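Step one of this worksheet: look at the structure below.
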2 protein chains.
Amino acid sequence: MTTEPNTPDAAESSRSEHVPDSDTVTPVMEDYLKTIYELQYDRDGAVWTSRIADSLEVTPPTVSSMLEKLERRGLIHREKHRPVTLTETGENVALGVIRNHRLLETFLADYLEYEWDEVHAEADRLEHYVSDQFVDRLTAMLEHPSSDPHGDPIPDEALAAPTRSWIRLSEAEAGVSHRVERVRADGERLRYLADCGITPGVPVEIVERTPLESVEIAIESDPDHEPNSQVLPKRACERILVGPLPGNN
Amino acid sequence: MTTEPNTPDAAESSRSEHVPDSDTVTPVMEDYLKTIYELQYDRDGAVWTSRIADSLEVTPPTVSSMLEKLERRGLIHREKHRPVTLTETGENVALGVIRNHRLLETFLADYLEYEWDEVHAEADRLEHYVSDQFVDRLTAMLEHPSSDPHGDPIPDEALAAPTRSWIRLSEAEAGVSHRVERVRADGERLRYLADCGITPGVPVEIVERTPLESVEIAIESDPDHEPNSQVLPKRACERILVGPLPGNN
DNA sequence: ACAAATAATTAGCCTAATCAAATATAATAG
DNA sequence: CTATTATATTTGATTAGGCTAATTATTTGT
Ligand SMILES: [Mn+2]
Ligand SMILES: [Mn+2]
Ligand SMILES: [Mn+2]
Ligand SMILES: [Mn+2]
């Protein structure tokens with residue numbers, strides 16, 4: 001019956017406590033986990049410290065120390081000087097944030113008249129601050145959308161990982177019409193592609209590949225008009241994901 | 001007024017810098033300024049360190065050091081051991097946050113089916129993270145509402161301070177019907193008052209004041225039915241603000 | 001007028017997130 | 001099998017926002 005100075009007395013319900021809450025995931029931690037997820041799955045590859053640093057625009061030492069913390073919290077697997085992987089818990093956190101992000105983007109575009117190049121910045125902040133209740137209600141209001149304005153798939157409430165498969169427009173067979181599913185770009189590039197008529201749902205077709213790494217494509221934004229023809233660099237076509245045209249199966 | 005909420009502006013391109021951005025107002029600083037504003041105007045009175053500490057549920061030393069910072073930033077006037085007041089800049093920050101808060105509450109109630117006792121917690125977080133663009137678009141979508149679900153007035157885009165005047169239901173003349181304008185309560189109390197039919201817009205009238213500090217009131221939630229009669233403690237009636245009934249002038 | 005009570009401030013420490021500089025490790029080129 | 005180079009980590013700061021304990025200033029009761 002010693003006089004303990006630091007008794008974590010349960011009767012002390014007055015929460016003025018300033019202790020490190022070992023299972024709280026901060027907004028910054030969420031961004032790291034989301035980035036790791038995206039580096040791992042979206043552009044596939046091993047996730048190195050420096051890649052995370054590039055993505056988040058912080059220095060490698062900052063990443064190193066954050067990775068140490070994420071490992072202590074059981075959110076990633078890590079060995080020194082090796083790429084990291086998410087634990088199941090870590091992946092669920094990442095998917096939750098991605099779900100919030102894409103639902104918010106959809107809301108901004110559908111209800112607040114944001115352009116599709118404006119939604120990302122806003123969603124990237126708010127994704128960390130909306131409650132589960134908010135997200136549930138928002139999902140209902142949006143009628144459970146399955147993809148965001150860029151065509152990125154939205155994980156469902158159970159966080160079922162999006163596993164649809166698309167091909168790159170750059171790899172599509174010439175002369176065969178495909179449907180635009182996702183457009184993976186941002187800012188000015190995104191605006192330009194929208195001006196060309198390239199948005200999810202639009203049928204496109206490769207007309208000709210030039211020897212100069214550019215590709216001529218035909219875009220049928222409007223079914224009643226003649227397709228719009230456009231020459232894009234191959235790199236751009238790699239970031240446009242397409243699927244089969246429904247009915248053209 | 002930039003579109004960015006709390007982002008340390010990227011115009012300074014080579015800014016990987018980790019320097020204190022002397023004119024950035026952090027979310028926590030916003031909460032202090034909002035609290036000071038509310039202590040000063042809503043419940044009128046001098047704003048002492050300990051009152052701020054109570055409101056924000058932090059300790060007085062924490063408030064002291066924050067007040068020092070706010071003073072350095074030109075957001076408050078302060079003398080040692082005296083109550084603080086907001087500078088014009090500080091008041092504008094506070095009004096901006098209050099505007100965000102009340103618009104968000106309105107959105108949550110009108111579009112996401114939040115109950116009026118649920119809106120506060122969500123808005124109190126999001127108020128710091130929505131951009132000016134978001135708020136502008138939201139205002140348009142809500143058709144420029146002038147008050148939130150509790151009847152609290154929403155400052156307009158120019159932050160014109162809300163200066164309508166109401167009286168407390170506790171001070172209303174007995175036998176004269178008034179219109180409920182604001183209900184200043186939260187949580188369980190708010191839910192109870194809604195159950196009694198006391199929400200903004202409803203006509204109420206004092207039937208009788210008892211000698212025991214309670215007040216019998218008649219509530220006309222539904223114009224077709226007989227008014228609902230209710231006995232409330234005087235303290236509760238002090239927090240219900242009413243105005244003249246339109247037409248009963 | 002002065003001691004006691006109350007309120008505010010100072011001093012010293014903590015965590016989270018960041019950086020720059022120094023150091024360690026792994027990969028690669030002779 | 002070393003020497004160079006590219007990465008990653010460690011070390012030591014900084015800033016923001018907290019806390020407790022000790023100290024100081026103000027107000028009040030006798
Ligand atoms: Mn983010
Ligand atoms: Mn997207
Ligand atoms: Mn707040
Ligand atoms: Mn309100």
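Residue numbering restarts at 1 in every chain; chains get A, B, ... in the order shown in the structure tokens, and ligands count up from 1 in that same order.
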
>> Could you tell me which residues of chain A sit within 7 Å of chain B when counting only C-alpha atoms, and give me the result as a ChimeraX atom specification?
In response: /A:112,125-126,129,137-138

Could you write out the selected residues, including N, CA and C atoms, as a JSON list (two decimals), in the first residue's frame?
[["chain", "number", "residue", "atom", "x", "y", "z"],
["A", 112, "LEU", "N", -21.40, 20.69, -54.72],
["A", 112, "LEU", "CA", -20.84, 22.03, -54.56],
["A", 112, "LEU", "C", -20.20, 22.56, -55.83],
["A", 125, "ARG", "N", -7.62, 17.30, -47.15],
["A", 125, "ARG", "CA", -7.63, 17.83, -45.80],
["A", 125, "ARG", "C", -8.79, 17.25, -45.01],
["A", 126, "LEU", "N", -9.99, 17.38, -45.56],
["A", 126, "LEU", "CA", -11.19, 17.00, -44.81],
["A", 126, "LEU", "C", -11.25, 15.51, -44.50],
["A", 129, "TYR", "N", -10.97, 14.56, -40.90],
["A", 129, "TYR", "CA", -11.74, 15.22, -39.85],
["A", 129, "TYR", "C", -13.21, 14.91, -39.87],
["A", 137, "ARG", "N", -23.81, 9.14, -43.38],
["A", 137, "ARG", "CA", -24.91, 9.95, -43.90],
["A", 137, "ARG", "C", -24.61, 10.45, -45.31],
["A", 138, "LEU", "N", -23.34, 10.84, -45.51],
["A", 138, "LEU", "CA", -22.95, 11.34, -46.83],
["A", 138, "LEU", "C", -23.13, 10.24, -47.87]]

Within 9 Å of ligand 4 (only C-alpha atoms (C1' of nucleotides) and all ligand atoms), residues as an mmCIF file with N, CA, C and O atoms, in the first residue's frame:
data_model
loop_
_atom_site.group_PDB
_atom_site.id
_atom_site.type_symbol
_atom_site.label_atom_id
_atom_site.label_comp_id
_atom_site.auth_asym_id
_atom_site.auth_seq_id
_atom_site.Cartn_x
_atom_site.Cartn_y
_atom_site.Cartn_z
ATOM 1 N N ILE B 98 -16.979 31.321 -36.569
ATOM 2 C CA ILE B 98 -18.382 31.179 -36.167
ATOM 3 C C ILE B 98 -19.272 31.007 -37.397
ATOM 4 O O ILE B 98 -20.193 30.192 -37.413
ATOM 5 N N HIS B 101 -18.844 27.512 -38.605
ATOM 6 C CA HIS B 101 -19.510 26.604 -37.677
ATOM 7 C C HIS B 101 -21.006 26.545 -37.927
ATOM 8 O O HIS B 101 -21.588 25.472 -38.072
ATOM 9 N N ARG B 102 -21.623 27.698 -38.014
ATOM 10 C CA ARG B 102 -23.085 27.728 -38.116
ATOM 11 C C ARG B 102 -23.571 27.286 -39.488
ATOM 12 O O ARG B 102 -24.631 26.653 -39.610
ATOM 13 N N LEU B 103 -22.783 27.572 -40.510
ATOM 14 C CA LEU B 103 -23.148 27.074 -41.838
ATOM 15 C C LEU B 103 -23.045 25.553 -41.876
ATOM 16 O O LEU B 103 -23.921 24.870 -42.417
ATOM 17 N N GLU B 105 -23.343 23.510 -39.342
ATOM 18 C CA GLU B 105 -24.460 22.961 -38.566
ATOM 19 C C GLU B 105 -25.725 22.923 -39.420
ATOM 20 O O GLU B 105 -26.479 21.945 -39.411
ATOM 21 N N THR B 106 -25.939 23.987 -40.158
ATOM 22 C CA THR B 106 -27.131 24.059 -41.001
ATOM 23 C C THR B 106 -27.105 22.972 -42.066
ATOM 24 O O THR B 106 -28.096 22.279 -42.309
ATOM 25 N N TRP B 116 -30.600 18.105 -33.958
ATOM 26 C CA TRP B 116 -30.012 19.397 -33.592
ATOM 27 C C TRP B 116 -29.066 19.334 -32.399
ATOM 28 O O TRP B 116 -28.328 20.267 -32.147
ATOM 29 N N VAL B 119 -25.281 18.253 -34.185
ATOM 30 C CA VAL B 119 -24.537 19.063 -35.144
ATOM 31 C C VAL B 119 -23.302 19.740 -34.562
ATOM 32 O O VAL B 119 -22.298 19.923 -35.249
ATOM 33 N N HIS B 120 -23.384 20.090 -33.269
ATOM 34 C CA HIS B 120 -22.297 20.915 -32.728
ATOM 35 C C HIS B 120 -20.918 20.259 -32.788
ATOM 36 O O HIS B 120 -19.949 20.865 -33.248
ATOM 37 N N ALA B 123 -19.447 20.121 -36.314
ATOM 38 C CA ALA B 123 -19.115 21.453 -36.839
ATOM 39 C C ALA B 123 -17.909 22.043 -36.122
ATOM 40 O O ALA B 123 -17.103 22.758 -36.726
ATOM 41 N N SER B 147 -29.741 31.918 -40.182
ATOM 42 C CA SER B 147 -29.512 31.357 -38.846
ATOM 43 C C SER B 147 -29.377 29.839 -38.917
ATOM 44 O O SER B 147 -29.820 29.203 -39.866
ATOM 45 N N ASP B 148 -28.739 29.293 -37.881
ATOM 46 C CA ASP B 148 -28.454 27.855 -37.858
ATOM 47 C C ASP B 148 -29.580 27.094 -37.154
ATOM 48 O O ASP B 148 -30.589 27.692 -36.772
ATOM 49 N N PRO B 149 -29.453 25.777 -36.977
ATOM 50 C CA PRO B 149 -30.559 25.010 -36.401
ATOM 51 C C PRO B 149 -30.971 25.455 -34.988
ATOM 52 O O PRO B 149 -32.091 25.187 -34.569
ATOM 53 N N HIS B 150 -30.068 26.095 -34.277
ATOM 54 C CA HIS B 150 -30.411 26.564 -32.926
ATOM 55 C C HIS B 150 -30.935 27.989 -32.943
ATOM 56 O O HIS B 150 -31.223 28.555 -31.892
ATOM 57 N N GLY B 151 -31.015 28.576 -34.134
ATOM 58 C CA GLY B 151 -31.458 29.963 -34.237
ATOM 59 C C GLY B 151 -30.314 30.952 -34.103
ATOM 60 O O GLY B 151 -30.525 32.166 -34.138
ATOM 61 N N ASP B 152 -29.086 30.462 -33.963
ATOM 62 C CA ASP B 152 -27.936 31.372 -33.866
ATOM 63 C C ASP B 152 -27.710 32.033 -35.213
ATOM 64 O O ASP B 152 -27.689 31.369 -36.244
ATOM 65 N N PRO B 153 -27.557 33.373 -35.220
ATOM 66 C CA PRO B 153 -27.427 34.083 -36.493
ATOM 67 C C PRO B 153 -26.096 33.786 -37.180
ATOM 68 O O PRO B 153 -25.072 33.633 -36.522
ATOM 69 N N ARG B 182 -33.952 31.650 -30.503
ATOM 70 C CA ARG B 182 -32.728 30.872 -30.274
ATOM 71 C C ARG B 182 -32.900 29.982 -29.061
ATOM 72 O O ARG B 182 -33.536 30.381 -28.076
ATOM 73 N N VAL B 183 -32.274 28.814 -29.114
ATOM 74 C CA VAL B 183 -32.278 27.917 -27.966
ATOM 75 C C VAL B 183 -30.825 27.633 -27.609
ATOM 76 O O VAL B 183 -30.113 26.972 -28.361
ATOM 77 N N ARG B 184 -30.384 28.210 -26.505
ATOM 78 C CA ARG B 184 -28.969 28.113 -26.146
ATOM 79 C C ARG B 184 -28.746 27.005 -25.128
ATOM 80 O O ARG B 184 -28.689 27.246 -23.921
#

Any chance you could tabulate, as JSON lines, the residues of chain D at most 12 Å from chain B with each one's nearest atom pair and distance in Å to one decimal, using only C-alpha atoms (C1' of nucleotides), in chain and rising number order?
{"residue": "D:DA13", "atom": "C1'", "partner": "B:His18", "partner_atom": "CA", "distance": 11.2}
{"residue": "D:DT14", "atom": "C1'", "partner": "B:His18", "partner_atom": "CA", "distance": 7.9}
{"residue": "D:DT15", "atom": "C1'", "partner": "B:Pro20", "partner_atom": "CA", "distance": 6.7}
{"residue": "D:DA16", "atom": "C1'", "partner": "B:Thr26", "partner_atom": "CA", "distance": 9.0}
{"residue": "D:DG17", "atom": "C1'", "partner": "B:Thr62", "partner_atom": "CA", "distance": 8.1}
{"residue": "D:DG18", "atom": "C1'", "partner": "B:Thr62", "partner_atom": "CA", "distance": 6.8}
{"residue": "D:DC19", "atom": "C1'", "partner": "B:Thr59", "partner_atom": "CA", "distance": 7.8}
{"residue": "D:DT20", "atom": "C1'", "partner": "B:Pro61", "partner_atom": "CA", "distance": 9.8}
{"residue": "D:DA21", "atom": "C1'", "partner": "B:Pro61", "partner_atom": "CA", "distance": 11.3}
{"residue": "D:DT24", "atom": "C1'", "partner": "B:His81", "partner_atom": "CA", "distance": 10.8}
{"residue": "D:DA25", "atom": "C1'", "partner": "B:His81", "partner_atom": "CA", "distance": 7.5}
{"residue": "D:DT26", "atom": "C1'", "partner": "B:His81", "partner_atom": "CA", "distance": 8.0}
{"residue": "D:DT27", "atom": "C1'", "partner": "B:His81", "partner_atom": "CA", "distance": 11.7}

> Mind checking DSSP for range 50-220 of chain B and telling me the strand (DSSP E or B) residues as JSON, numbers by chain?
Replying inline: {"B": [76, 77, 84, 85, 86, 147, 153, 167, 168, 177, 178, 179, 180, 181, 182, 183, 203, 204, 205, 206, 207, 208, 209, 214, 215, 216, 217, 218, 219]}

>> With only C-alpha atoms (C1' of nucleotides) considered, list every residue of chain C at most 8 Å from chain A, as a PyMOL selection string.
In response: chain C and resi 15+17-19+25

> To one decimal place, how far is CA of Val207 in chain A from CA of Arg191 in chain A in Å?
Replying inline: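 About the pair CA of Val207 in chain A and CA of Arg191 in chain A: they are 22.8 Å apart.
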
>> Taking the DSSP secondary structure from the backbone, can you list the residues of range 138-218 of chain A that are alpha helix (DSSP H), as number ranges by chain?
In response: A: 138-141, 187-196

Residue subset to file, keeping C-alpha atoms, as a PDB file, in the first residue's frame:
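The result, written out as result_1.pdb:
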ATOM      1  CA  LEU A 138     -22.955  11.339 -46.827  1.00  0.00           C
ATOM      2  CA  THR A 139     -22.846   7.908 -48.453  1.00  0.00           C
ATOM      3  CA  ALA A 140     -26.605   7.627 -48.118  1.00  0.00           C
ATOM      4  CA  MET A 141     -27.121  11.096 -49.589  1.00  0.00           C
ATOM      5  CA  GLY A 187      -4.194  20.002 -61.831  1.00  0.00           C
ATOM      6  CA  GLU A 188      -3.532  21.411 -65.245  1.00  0.00           C
ATOM      7  CA  ARG A 189      -3.240  18.017 -66.918  1.00  0.00           C
ATOM      8  CA  LEU A 190      -6.610  17.000 -65.572  1.00  0.00           C
ATOM      9  CA  ARG A 191      -8.168  20.202 -66.809  1.00  0.00           C
ATOM     10  CA  TYR A 192      -6.664  19.690 -70.239  1.00  0.00           C
ATOM     11  CA  LEU A 193      -7.939  16.147 -70.502  1.00  0.00           C
ATOM     12  CA  ALA A 194     -11.433  17.277 -69.534  1.00  0.00           C
ATOM     13  CA  ASP A 195     -11.236  19.908 -72.271  1.00  0.00           C
ATOM     14  CA  CYS A 196     -10.387  17.143 -74.744  1.00  0.00           C
TER      15      CYS A 196
END
